[in-house]
Each structure stands twice: as C-alpha cells, then as structure tokens.
$ cat my_file-v2.cif   # mmCIF, C-alpha atoms
data_structure
loop_
_atom_site.label_atom_id
_atom_site.label_comp_id
_atom_site.auth_asym_id
_atom_site.auth_seq_id
_atom_site.Cartn_x
_atom_site.Cartn_y
_atom_site.Cartn_z
CA MET A 1 103.40 144.10 131.50
CA THR A 2 101.33 141.56 129.62
CA LEU A 3 102.94 138.22 128.94
CA GLY A 4 101.82 136.32 125.80
CA CYS A 5 102.75 133.02 124.24
CA PRO A 6 106.01 133.25 122.30
CA SER A 7 105.65 132.95 118.55
CA ARG A 8 106.78 129.69 116.99
CA SER A 9 110.11 129.83 115.21
CA PRO A 10 110.22 129.12 111.47
CA ARG A 11 112.05 125.86 112.21
CA ARG A 12 109.31 124.70 114.56
CA GLN A 13 106.65 125.74 112.09
CA LEU A 14 108.37 123.70 109.36
CA ALA A 15 108.64 120.68 111.66
CA ALA A 16 104.95 120.93 112.52
CA ALA A 17 104.04 121.19 108.85
CA LEU A 18 106.14 118.14 107.96
CA ALA A 19 104.55 116.16 110.77
CA THR A 20 101.10 117.06 109.50
CA VAL A 21 102.00 115.99 105.96
CA SER A 22 103.42 112.72 107.30
CA LEU A 23 100.20 111.99 109.16
CA MET A 24 98.16 112.75 106.06
CA LEU A 25 100.28 110.45 103.92
CA GLY A 26 100.01 107.69 106.53
CA ALA A 27 96.24 108.03 106.55
CA CYS A 28 96.19 107.74 102.75
CA ALA A 29 98.19 104.47 102.52
CA ASN A 30 97.43 102.51 99.39
CA THR A 31 95.45 99.31 99.66
CA TYR A 32 95.50 96.42 97.20
CA ASP A 33 92.86 93.77 96.67
CA MET A 34 94.30 90.32 95.99
CA LYS A 35 92.70 86.99 95.23
CA VAL A 36 94.37 84.15 97.11
CA ASP A 37 93.84 80.41 96.69
CA SER A 38 96.02 78.11 98.78
CA LEU A 39 96.28 74.39 99.47
CA ALA A 40 98.25 72.45 102.04
CA SER A 41 98.84 68.83 102.94
CA PRO A 42 98.93 68.48 106.73
CA LYS A 43 100.15 64.88 106.45
CA LEU A 44 103.43 65.88 104.83
CA ALA A 45 106.40 67.43 106.59
CA GLN A 46 106.44 71.16 106.04
CA GLY A 47 110.21 71.55 106.25
CA THR A 48 112.08 74.73 106.99
CA SER A 49 114.84 74.95 104.39
CA TYR A 50 114.19 75.43 100.70
CA ARG A 51 115.65 76.01 97.29
CA ILE A 52 113.86 77.95 94.57
CA VAL A 53 113.25 76.73 91.03
CA ASN A 54 112.02 79.10 88.35
CA ARG A 55 109.06 77.85 86.34
CA ASN A 56 108.60 80.97 84.25
CA PRO A 57 110.03 80.07 80.81
CA THR A 58 109.79 83.68 79.61
CA VAL A 59 112.18 85.02 82.26
CA GLU A 60 115.87 84.21 82.49
CA THR A 61 117.01 83.40 86.03
CA ASP A 62 120.01 85.74 85.69
CA SER A 63 117.88 88.71 84.61
CA LEU A 64 117.32 91.71 86.87
CA ARG A 65 113.56 91.18 86.61
CA TYR A 66 113.81 87.64 87.99
CA LYS A 67 116.34 88.51 90.69
CA GLU A 68 114.03 91.22 92.06
CA ALA A 69 111.09 88.80 92.07
CA GLU A 70 113.21 86.14 93.78
CA LYS A 71 114.25 88.56 96.53
CA ALA A 72 110.60 89.42 97.21
CA ILE A 73 109.66 85.74 97.37
CA LYS A 74 112.56 84.91 99.68
CA ALA A 75 111.50 87.75 101.98
CA ALA A 76 107.95 86.37 102.05
CA LEU A 77 109.20 82.85 102.83
CA SER A 78 111.32 84.21 105.68
CA GLY A 79 108.14 85.72 107.09
CA LYS A 80 106.88 82.14 107.55
CA GLY A 81 110.11 80.91 109.14
CA PHE A 82 111.65 79.34 106.03
CA TYR A 83 115.31 79.86 105.12
CA GLU A 84 117.31 79.20 101.98
CA ALA A 85 119.27 75.98 102.29
CA PRO A 86 123.07 76.49 102.29
CA ASP A 87 123.31 73.29 100.26
CA PRO A 88 120.47 73.25 97.67
CA ASP A 89 120.64 69.46 97.37
CA LYS A 90 119.87 69.10 101.10
CA ALA A 91 116.90 71.49 101.18
CA ASP A 92 113.75 70.18 102.88
CA ILE A 93 111.50 71.44 100.11
CA ILE A 94 111.73 72.79 96.57
CA VAL A 95 109.71 75.94 95.99
CA TYR A 96 108.63 76.35 92.37
CA VAL A 97 107.97 79.91 91.23
CA ASP A 98 105.79 81.05 88.37
CA TYR A 99 104.69 84.63 87.83
CA GLY A 100 103.66 86.88 85.00
CA ILE A 101 100.88 88.92 83.47
CA ASN A 102 98.05 87.67 81.29
CA PRO A 103 96.95 89.40 78.07
CA PRO A 104 94.79 92.49 78.65
CA ARG A 105 91.06 92.21 78.48
CA ILE A 106 88.17 94.63 78.52
CA VAL A 107 85.61 94.58 81.31
CA GLU A 108 82.53 96.70 81.94
CA GLU A 109 83.02 98.81 85.03
CA THR A 110 80.02 100.30 86.78
CA ARG A 111 80.35 103.89 87.84
CA SER A 112 77.99 106.22 89.61
CA ASP A 113 77.61 109.99 89.53
CA PRO A 114 75.39 111.90 91.96
CA VAL A 115 72.34 113.67 90.55
CA TYR A 116 71.85 117.17 91.92
CA VAL A 117 68.72 119.31 91.99
CA THR A 118 68.85 123.01 92.75
CA THR A 119 65.83 124.52 94.46
CA PRO A 120 65.36 128.30 94.13
CA GLY A 121 65.26 130.28 97.32
CA GLU A 122 62.00 131.58 98.75
CA PHE A 123 60.84 135.18 98.31
CA HIS A 124 60.13 137.28 101.37
CA SER A 125 58.54 140.72 101.52
CA GLU A 126 58.83 143.07 104.43
CA SER A 127 58.24 146.72 105.18
CA VAL A 128 61.41 148.62 105.90
CA GLN A 129 62.14 152.26 106.61
CA VAL A 130 63.74 153.91 103.60
CA GLY A 131 63.86 157.49 104.86
CA VAL A 132 61.96 160.33 106.53
CA ASP A 133 59.73 163.08 105.20
CA ARG A 134 60.13 166.82 105.76
CA THR A 135 58.45 166.59 109.12
CA GLY A 136 60.71 163.78 110.26
CA ARG A 137 58.17 161.05 109.98
CA PRO A 138 59.55 157.71 108.72
CA ILE A 139 58.88 156.60 105.18
CA TYR A 140 58.36 152.87 104.63
CA ALA A 141 58.54 150.73 101.50
CA VAL A 142 57.94 147.06 100.80
CA VAL A 143 61.22 145.31 99.94
CA THR A 144 61.27 141.82 98.45
CA SER A 145 64.29 139.55 98.93
CA GLN A 146 65.13 135.94 98.05
CA THR A 147 67.00 133.41 100.16
CA PRO A 148 69.98 131.61 98.53
CA PRO A 149 69.15 128.51 96.44
CA SER A 150 69.81 125.06 97.90
CA THR A 151 71.38 122.11 96.08
CA ASP A 152 70.62 118.56 97.15
CA VAL A 153 71.55 115.06 95.99
CA VAL A 154 68.39 113.28 94.88
CA GLY A 155 69.88 110.08 93.51
CA ASN A 156 72.65 108.52 91.46
CA ASN A 157 73.23 108.05 87.78
CA ASP A 158 74.69 104.56 87.27
CA TYR A 159 76.45 103.71 84.02
CA THR A 160 79.08 101.36 82.67
CA VAL A 161 82.31 102.12 80.85
CA PRO A 162 84.76 99.74 79.14
CA VAL A 163 88.03 99.42 81.07
CA VAL A 164 91.21 97.60 80.07
CA VAL A 165 92.48 95.42 82.91
CA TYR A 166 95.53 93.22 83.39
CA GLU A 167 95.69 90.13 85.56
CA LYS A 168 99.00 89.74 87.35
CA TYR A 169 99.69 86.36 88.95
CA LEU A 170 102.15 84.66 91.27
CA ARG A 171 102.16 80.95 92.03
CA LEU A 172 104.35 79.31 94.66
CA SER A 173 104.23 75.55 95.05
CA ALA A 174 106.37 73.43 97.34
CA ARG A 175 107.31 69.77 97.05
CA GLU A 176 109.43 67.59 99.30
CA ASN A 177 113.00 67.40 98.11
CA LYS A 178 112.95 63.68 97.32
CA PRO A 179 113.76 61.69 94.21
CA ALA A 180 110.92 60.98 91.81
CA THR A 181 109.23 57.61 92.29
CA GLU A 182 108.23 55.69 89.18
CA GLY A 183 108.58 58.90 87.16
CA ARG A 184 106.29 60.85 89.46
CA GLN A 185 107.34 63.89 91.43
CA PRO A 186 107.00 63.92 95.21
CA GLN A 187 103.60 65.03 96.44
CA GLU A 188 102.93 68.73 96.76
CA VAL A 189 103.34 70.07 100.31
CA TRP A 190 101.60 73.40 99.79
CA ALA A 191 100.70 75.84 97.05
CA VAL A 192 99.61 79.46 96.97
CA ASP A 193 98.10 81.26 93.99
CA VAL A 194 97.77 85.06 94.09
CA THR A 195 96.21 87.19 91.38
CA SER A 196 95.64 90.92 91.10
CA GLU A 197 93.45 92.43 88.41
CA GLY A 198 93.38 96.10 87.54
CA PRO A 199 94.37 98.78 85.04
CA SER A 200 98.07 98.61 85.92
CA ASP A 201 100.40 96.43 83.86
CA ASN A 202 103.41 97.18 86.08
CA LEU A 203 104.40 93.62 86.98
CA ARG A 204 107.62 94.79 88.63
CA LYS A 205 105.58 96.78 91.14
CA TYR A 206 103.05 94.04 91.82
CA VAL A 207 105.32 91.03 92.32
CA PRO A 208 106.41 92.19 95.82
CA ILE A 209 102.77 92.97 96.65
CA MET A 210 101.63 89.51 95.57
CA ALA A 211 104.57 87.93 97.41
CA ALA A 212 103.51 89.73 100.58
CA ALA A 213 99.99 88.37 100.13
CA THR A 214 101.32 84.79 100.35
CA ILE A 215 102.71 85.21 103.87
CA GLY A 216 99.40 84.62 105.61
CA TYR A 217 98.52 81.58 103.47
CA ILE A 218 101.66 79.50 102.97
CA GLY A 219 100.93 76.10 104.51
CA LYS A 220 97.22 76.87 104.86
CA ASP A 221 94.13 75.72 103.00
CA THR A 222 91.70 78.49 102.00
CA SER A 223 89.13 75.96 100.68
CA GLY A 224 88.77 78.04 97.55
CA GLU A 225 89.58 81.51 96.37
CA LYS A 226 89.22 84.41 98.77
CA VAL A 227 89.75 88.15 98.46
CA VAL A 228 92.27 89.72 100.82
CA GLN A 229 93.26 93.34 101.19
CA LEU A 230 96.86 94.38 101.59
CA LYS A 231 97.72 97.79 102.98
CA ASP A 232 100.92 99.60 102.11
CA ASP A 233 101.74 100.78 105.62
CA LYS A 234 104.87 100.70 107.72
CA ASP A 235 103.96 97.66 109.81
CA GLY A 236 102.29 95.24 107.41
CA ASP A 237 103.46 92.26 105.37
CA LEU A 238 104.20 94.44 102.34
CA ALA A 239 106.57 96.62 104.35
CA PHE A 240 108.23 93.44 105.63
CA VAL A 241 108.82 92.16 102.09
CA LYS A 242 110.11 95.50 100.83
CA LYS A 243 112.51 95.71 103.75
CA GLY A 244 113.77 92.20 103.02
CA MET A 245 114.45 93.10 99.40
#

$ encode --input "my_file-v2.cif" --output "structure tokens"
Amino acid sequence: MTLGCPSRSPRRQLAAALATVSLMLGACANTYDMKVDSLASPKLAQGTSYRIVNRNPTVETDSLRYKEAEKAIKAALSGKGFYEAPDPDKADIIVYVDYGINPPRIVEETRSDPVYVTTPGEFHSESVQVGVDRTGRPIYAVVTSQTPPSTDVVGNNDYTVPVVVYEKYLRLSARENKPATEGRQPQEVWAVDVTSEGPSDNLRKYVPIMAAATIGYIGKDTSGEKVVQLKDDKDGDLAFVKKGM
C-alpha cells in the first residue's frame, strides 16, 4: 500500500486563501506623505491636562464633522500622555484647533512612460531531412526559421500633465491656561502644523491622518518644515488614533 499526503479539506483551503489575501493586503498598506512644522518652548511647563478650543469659524462645535475631528485630536494627544481636564478651568494648557481645506489649485505633475523597442528575431538556415527517396536514401532541404522578437526598454518619455490638488491642514497650538496679561495671551507652549496635498478633497478622511502625524512632534521643534511618511498599518500612530476614535 502506498501512503500519500491527505488532501486539504475545503475549509483548510479557504483558511489558507484568506491568510494569503490578508498578507497581501498588509503588504499593500497605504502610505501618506505629510508636511510637519512644529515649535516648542522648553522654558515653559508642558502640562499634562488640557481643554480644547475650536478656532475653525466655519465649523460648529456641535456638528458631527467637528466631533469626529475632536475625537481624532484627543486620541493623538493621549498618545503623548495628555488627558482632558475634568474641570476645563483647571486645565494645564489650552489646545487651540484649526483645520480645513484650502481652495483647489492646479499643479504640473511630471510623469514618465517607458519607451520600448522591438528587435526582430534572427534568421537561421539549416539542412533537415524531409523524407527518403525510392531507394531509402534521405532527402534533405534547407529550412529557414526566425527566433522570436525581443522587446527592451531603451529609455523614458517624460511629460507633464495638469493635476488639481487640494491642501488639507491641521494646526494645534497650546498655551498655558493663565489669565491674559496686559491684554496679551499667555505665551505659546508648543504648536504643530500638518499639511497634506493631493488630489483628494476628503477632509473627513484626512483629519485623523493629520492628527496621527502630530504625535511624534507635539512638544518638539522641527526647525522648519519636514516631510514625514505615515503608514496605515496595524501598529502605527494612525492605527492608534483610529482605535481611540
């Protein structure tokens, strides 16, 4: 008797297929490029408790749009160890929030297409036996054949196309929760500006992404604008913010 490996059950085959799809989706996680510019004052107390103040005059604080944005921002602040003050008047800092989308603009985007050249195959002639005569002697003939053509990339064709882009922005700025002195607000403790430019005008989608981008820069000084890349995976800052929402 010959023993072979048992065939996989349909259930196991389905599980294996789902696992493969999951791995493929994980490998294709979306990435987002963000521009971040942050400032911080090391001489001022950072504080741990906060209250949020909306500085976006176009959004009502009781609207669903604002409440979703606020949840994302609170999740990002919790990622830096901040918590919402039970008594807003006793918060260590006031976090001012401004977010939105600027009018669309057209930019020239450079694209590149490969240039292909097809080279015909080479001809080869050879003598082959095509039969035999009446006496049984072989009959030969010259047969010509051609190898398959080859296609190679010989360069790139660069060109520009007009593309409509939208700049989404999120600004968080924190000030000490102190009374104004001589009509001036308390000094700023830290500020983070995040912008994302691209063809999407879906601000609702991008607010949590921009909020996640602030986590690594709250209370830090970038000394100018820098480009950071955020990956939509299961362990990153974006996943943390989405979970907190």

$ resolve_selection --input "my_file-v2.cif" --expression "the PyMOL selection byres ((chain A and resi 120) around 8)" --output "PDB file with C-alpha atoms, in the frame of the given file"
ATOM      1  CA  THR A 118      68.850 123.010  92.750  1.00  0.00           C
ATOM      2  CA  THR A 119      65.830 124.520  94.460  1.00  0.00           C
ATOM      3  CA  GLY A 121      65.260 130.280  97.320  1.00  0.00           C
ATOM      4  CA  GLU A 122      62.000 131.580  98.750  1.00  0.00           C
ATOM      5  CA  PRO A 148      69.980 131.610  98.530  1.00  0.00           C
ATOM      6  CA  PRO A 149      69.150 128.510  96.440  1.00  0.00           C
ATOM      7  CA  SER A 150      69.810 125.060  97.900  1.00  0.00           C
TER       8      SER A 150
END

$ closest_residue --input "my_file-v2.cif" --among "A:Thr135, A:Thr151, A:Asn102, A:Asn157" --to "Asp201 of chain A" --atoms "all atoms listed in the file"
A:Asn102

$ closest_residue --input "my_file-v2.cif" --among "A:Pro104, A:Gly216, A:Pro86, A:Pro208" --to "Glu70 of chain A" --atoms "only C-alpha atoms"
A:Pro208

$ closest_residue --input "my_file-v2.cif" --among "A:Val241, A:Tyr159, A:Lys35, A:Asn54" --to "Tyr96 of chain A" --atoms "all atoms listed in the file"
A:Asn54

$ closest_residue --input "my_file-v2.cif" --among "A:Pro42, A:Ala75, A:Pro186, A:Gly131" --to "Leu238 of chain A" --atoms "all atoms listed in the file"
A:Ala75

$ residues_around --input "my_file-v2.cif" --residues "Asp237 of chain A" --least-positions-apart "3" --cutoff "8 Å" --atoms "only C-alpha atoms" --output "list in words"
Ala212, Ala213, Ile215, Leu230, Phe240 and Val241 of chain A

$ residues_around --input "my_file-v2.cif" --residues "Ser38 of chain A" --least-positions-apart "6" --cutoff "6 Å" --atoms "all atoms listed in the file" --output "list in words"
Ala191, Val192, Asp221 and Thr222 of chain A

$ axis_aligned_box --input "my_file-v2.cif" --around "segment 156-166 of chain A" --padding-each-side "4 Å" --output "JSON"
{"center_x": 84.1, "center_y": 100.9, "center_z": 85.3, "size_x": 30.9, "size_y": 23.3, "size_z": 20.3}

$ closest_residue --input "my_file-v2.cif" --among "A:Asn30, A:Tyr166, A:Val53, A:Asp152" --to "Ile93 of chain A" --atoms "all atoms listed in the file"
A:Val53

$ residues_around --input "my_file-v2.cif" --residues "His124 of chain A" --least-positions-apart "4" --cutoff "10 Å" --atoms "all atoms listed in the file" --output "MDAnalysis selection string"
chainID A and resid 143:147

$ resolve_selection --input "my_file-v2.cif" --expression "the PyMOL selection byres ((chain A and resi 88-91) around 6)" --output "list of chain:residue names"
A:Ser49, A:Tyr50, A:Arg51, A:Ala85, A:Asp87, A:Asp92, A:Ile93

$ closest_residue --input "my_file-v2.cif" --among "A:Ile218, A:Val59, A:Leu170, A:Val207" --to "Tyr99 of chain A" --atoms "all atoms listed in the file"
A:Leu170

$ atom_distance --input "my_file-v2.cif" --atom1 "atom CA of Pro103 of chain A" --atom2 "atom CA of Ile52 of chain A"
26.3 Å

$ resolve_selection --input "my_file-v2.cif" --expression "the PyMOL selection byres ((chain A and resi 130) around 9)" --output "VMD selection string"
chain A and resid 128 to 129 131 to 132 138 to 141

$ atom_distance --input "my_file-v2.cif" --atom1 "atom CA of Val117 of chain A" --atom2 "atom CA of Gly155 of chain A"
9.4 Å

$ residues_around --input "my_file-v2.cif" --residues "Glu68 of chain A" --least-positions-apart "3" --cutoff "9 Å" --atoms "only C-alpha atoms" --output "number ranges by chain"
A: 63-65, 71-73, 204, 207-208, 245

$ atom_distance --input "my_file-v2.cif" --atom1 "atom CA of Leu39 of chain A" --atom2 "atom CA of Gly219 of chain A"
7.1 Å

$ build_atoms --input "my_file-v2.cif" --residues "segment 157-190 of chain A" --atoms "N, CA and C atoms" --output "compact mmCIF listing (two decimals), in the frame of the given file"
# COMPACT_ATOMS: atom_id res chain seq x y z
N ASN A 157 73.30 108.47 89.17
CA ASN A 157 73.23 108.05 87.78
C ASN A 157 74.26 106.95 87.55
N ASP A 158 73.80 105.70 87.45
CA ASP A 158 74.69 104.56 87.27
C ASP A 158 74.90 104.29 85.78
N TYR A 159 76.14 104.01 85.41
CA TYR A 159 76.45 103.71 84.02
C TYR A 159 77.69 102.83 83.96
N THR A 160 77.93 102.24 82.83
CA THR A 160 79.08 101.36 82.67
C THR A 160 80.01 101.93 81.60
N VAL A 161 81.30 101.69 81.81
CA VAL A 161 82.31 102.12 80.85
C VAL A 161 83.27 100.95 80.62
N PRO A 162 83.78 100.80 79.40
CA PRO A 162 84.76 99.74 79.14
C PRO A 162 86.12 100.12 79.73
N VAL A 163 86.74 99.18 80.43
CA VAL A 163 88.03 99.42 81.07
C VAL A 163 88.97 98.27 80.72
N VAL A 164 90.20 98.61 80.36
CA VAL A 164 91.21 97.60 80.07
C VAL A 164 91.87 97.20 81.39
N VAL A 165 91.87 95.90 81.67
CA VAL A 165 92.48 95.42 82.91
C VAL A 165 93.52 94.34 82.60
N TYR A 166 94.46 94.21 83.51
CA TYR A 166 95.53 93.22 83.39
C TYR A 166 95.52 92.34 84.63
N GLU A 167 95.62 91.05 84.43
CA GLU A 167 95.69 90.13 85.56
C GLU A 167 97.14 89.72 85.78
N LYS A 168 97.67 90.13 86.94
CA LYS A 168 99.00 89.74 87.35
C LYS A 168 98.89 88.51 88.25
N TYR A 169 99.82 87.58 88.15
CA TYR A 169 99.69 86.36 88.95
C TYR A 169 101.05 85.93 89.50
N LEU A 170 100.97 85.27 90.63
CA LEU A 170 102.15 84.66 91.27
C LEU A 170 101.72 83.33 91.84
N ARG A 171 102.46 82.28 91.50
CA ARG A 171 102.16 80.95 92.03
C ARG A 171 103.42 80.40 92.68
N LEU A 172 103.28 80.00 93.94
CA LEU A 172 104.35 79.31 94.66
C LEU A 172 103.84 77.92 95.01
N SER A 173 104.61 76.91 94.68
CA SER A 173 104.23 75.55 95.05
C SER A 173 105.46 74.84 95.61
N ALA A 174 105.26 74.09 96.66
CA ALA A 174 106.37 73.43 97.34
C ALA A 174 106.20 71.92 97.31
N ARG A 175 107.28 71.23 97.02
CA ARG A 175 107.31 69.77 97.05
C ARG A 175 108.48 69.31 97.91
N GLU A 176 108.33 68.15 98.52
CA GLU A 176 109.43 67.59 99.30
C GLU A 176 110.62 67.33 98.39
N ASN A 177 111.79 67.59 98.89
CA ASN A 177 113.00 67.40 98.11
C ASN A 177 113.42 65.93 98.15
N LYS A 178 112.69 65.12 97.39
CA LYS A 178 112.95 63.68 97.32
C LYS A 178 113.03 63.27 95.86
N PRO A 179 113.69 62.16 95.60
CA PRO A 179 113.76 61.69 94.21
C PRO A 179 112.38 61.29 93.71
N ALA A 180 112.18 61.40 92.40
CA ALA A 180 110.92 60.98 91.81
C ALA A 180 110.76 59.47 91.94
N THR A 181 109.54 59.03 92.16
CA THR A 181 109.23 57.61 92.29
C THR A 181 108.40 57.17 91.10
N GLU A 182 108.92 56.20 90.36
CA GLU A 182 108.23 55.69 89.18
C GLU A 182 107.87 56.83 88.22
N GLY A 183 108.79 57.78 88.09
CA GLY A 183 108.58 58.90 87.16
C GLY A 183 107.66 59.99 87.67
N ARG A 184 107.19 59.85 88.89
CA ARG A 184 106.29 60.85 89.46
C ARG A 184 107.02 61.69 90.50
N GLN A 185 106.73 62.98 90.46
CA GLN A 185 107.34 63.89 91.43
C GLN A 185 106.78 63.64 92.82
N PRO A 186 107.54 64.01 93.84
CA PRO A 186 107.00 63.92 95.21
C PRO A 186 105.72 64.73 95.34
N GLN A 187 104.88 64.35 96.27
CA GLN A 187 103.60 65.03 96.44
C GLN A 187 103.80 66.49 96.86
N GLU A 188 102.88 67.32 96.43
CA GLU A 188 102.93 68.73 96.76
C GLU A 188 102.68 68.92 98.25
N VAL A 189 103.50 69.77 98.88
CA VAL A 189 103.34 70.07 100.31
C VAL A 189 102.34 71.21 100.50
N TRP A 190 102.54 72.28 99.75
CA TRP A 190 101.60 73.40 99.79
C TRP A 190 101.71 74.19 98.49
